[in-house]
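Reviewing the structure listed below.
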Amino acid sequence: MSDAEKIPFTQIALAFKAARKIVIKIGSNTLAKEDGRINTDFMDSFASQCASLIKTGKQIVLVSSGAQVSGVSTISGWARRRDVHYRQALCAIGQVELMDKWRAAFGANGIHIGQLLLTKEDFEDEHRTLHMRNTLFTLVDEGVVPIINENDSVSFDEIRIGDNDNLSALTAILWSADLLILYSDIDGVFTDNPKNHPEAKLVPTVRDIKELRSKIKIGETNAFGTGGIETKLQAAEKVTSFGIPMILTNGENAGELDNLSAGKIVGTLFLADEECLLQDIK
């Protein structure tokens, strides 16, 4: 463990400890092993940590990527086919495999899961939004962990959200969450791409996202994980404007939730909009 990994990020710890309703997004890079197969060891560890948190009174909603990766793992012969219909078919196959693995992981801890597959249209129609919100509250109140993903098998450009960073932000707002956590394949926001520039500095706390954009190099879409750093900034802009803080951290360590609980983690905390927080206090 590096020296940086031993540093207690007090503000991150406080944000986590203060949060009761937590949305956690897990990206495909976190769920997939180097050989492309789903990392069931990570899923088992993560589910166990969630179970421990739920026993303390916290509530968890999970936004999980990995349908296409699971599809490729199941039918490897389709991996190189780029036709959109094959990609959607892979997601249809992979979503079943993905949920079966999550069911087993949480089931080992005595927790049931529920699945919601959503598109942008669901968040734009007030009737659908109301039903989504009611379903989320019902599942969580009954001790069931909702697992959300975009409905990639039927989505097309006009109704796609496009990435699970923004989907998790929309979910956090819909559920009135206290905290959003994004698991990526990097430790947080850096001044430049740390994979290509080891001298890049971690930004531990962000209060002004507009100012942050002027000080860091965004890079290409895939420079910082699956969705890129841009989608993570978009997610942060969404939730912080509603008074919800966001943590961006590396999900490759299966003990991340335990590290958060212990108050020691490397990551970037996006502070909630102060005006929203003041309104909440009033």
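Every chain in the structure tokens takes a letter, A first, then B, and so on in the order presented; its residues are numbered from 1, and the ligands are numbered from 1 following the presented order.
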
message: What parts of region 4-193 of chain A does DSSP call alpha helix (DSSP H)? I'd like the answer as a PyMOL selection string.
response: chain A and resi 10-18+28-31+40-55+67-74+84-107+120-124+126-141+164-175

- request: Skip region 95-110 of chain A itself and residues of its chain fewer than 4 positions away, then list as a list in words all residues within 7 Å of it, counting only C-alpha atoms.
  value: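 Answer for this query is Met43, Asp44, Ala47, Ser48, Ala51, Gly66, Ala67, Ser70 and Cys91 of chain A.
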
- request: Compile the contact shell of Ile161 (chain A) as a PyMOL selection string: residues with an atom at most 8 Å away, counting only C-alpha atoms, same-chain residues fewer than 5 positions apart removed.
  value: chain A and resi 119-120+150+166-167

task: Using only C-alpha atoms, find the one residue out of A:Asp41, A:Asp152, A:Asp208, A:Asp273 that sits nearest to Gly71 (chain A).
output: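 Of A:Asp41, A:Asp152, A:Asp208, A:Asp273, the one nearest Gly71 (chain A) is A:Asp152, counting only C-alpha atoms.
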
query: CA of Gln11 (chain A) and CA of Ala235 (chain A) are how many Å apart?
result: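 Between CA of Gln11 (chain A) and CA of Ala235 (chain A) the gap is 19.4 Å.
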
task: Give me, please, the distance in Å between CA of Thr231 (chain A) and CA of Ile113 (chain A), quoted to one decimal.
output: 26.8 Å

task: Taking the DSSP assignment computed from this structure's backbone, write out as a list in words all residues of region 82-256 of chain A that belong to strand (DSSP E or B).
output: Ile113, Gly114, Gln115, Leu116, Leu117, Leu118, Val145, Pro146, Ile147, Ile148, Asn149, Glu150, Leu179, Leu180, Ile181, Leu182, Tyr183, Ser184, Val189, Phe190, Leu202, Val203, Thr205, Val206, Met246, Ile247, Leu248, Thr249 and Asn250 of chain A

task: Using only C-alpha atoms, pick whichever of A:Asp178, A:Lys264, A:Glu252, A:Thr191 has the shortest atom-to-atom distance to Ala32 (chain A).
output: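 The closest residue to Ala32 (chain A) is A:Glu252.
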
field: Nearest to Trp175 (chain A) by atom-to-atom distance, counting only C-alpha atoms, from A:Val144, A:Ile60, A:Leu212, A:Ala18
entry: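 Of the candidates, the smallest distance to Trp175 (chain A) is held by A:Ile60.
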
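If you look at CA of Lys238 (chain A) and CA of Leu139 (chain A), they are 24.2 Å away from each other.
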
query: Skipping near chain neighbours, those fewer than 2 positions away, what residues fall within 8 Å of Met246 (chain A) using only C-alpha atoms, listed as a PyMOL selection string?
result: chain A and resi 179-182+236+239-240+244+248+269-272
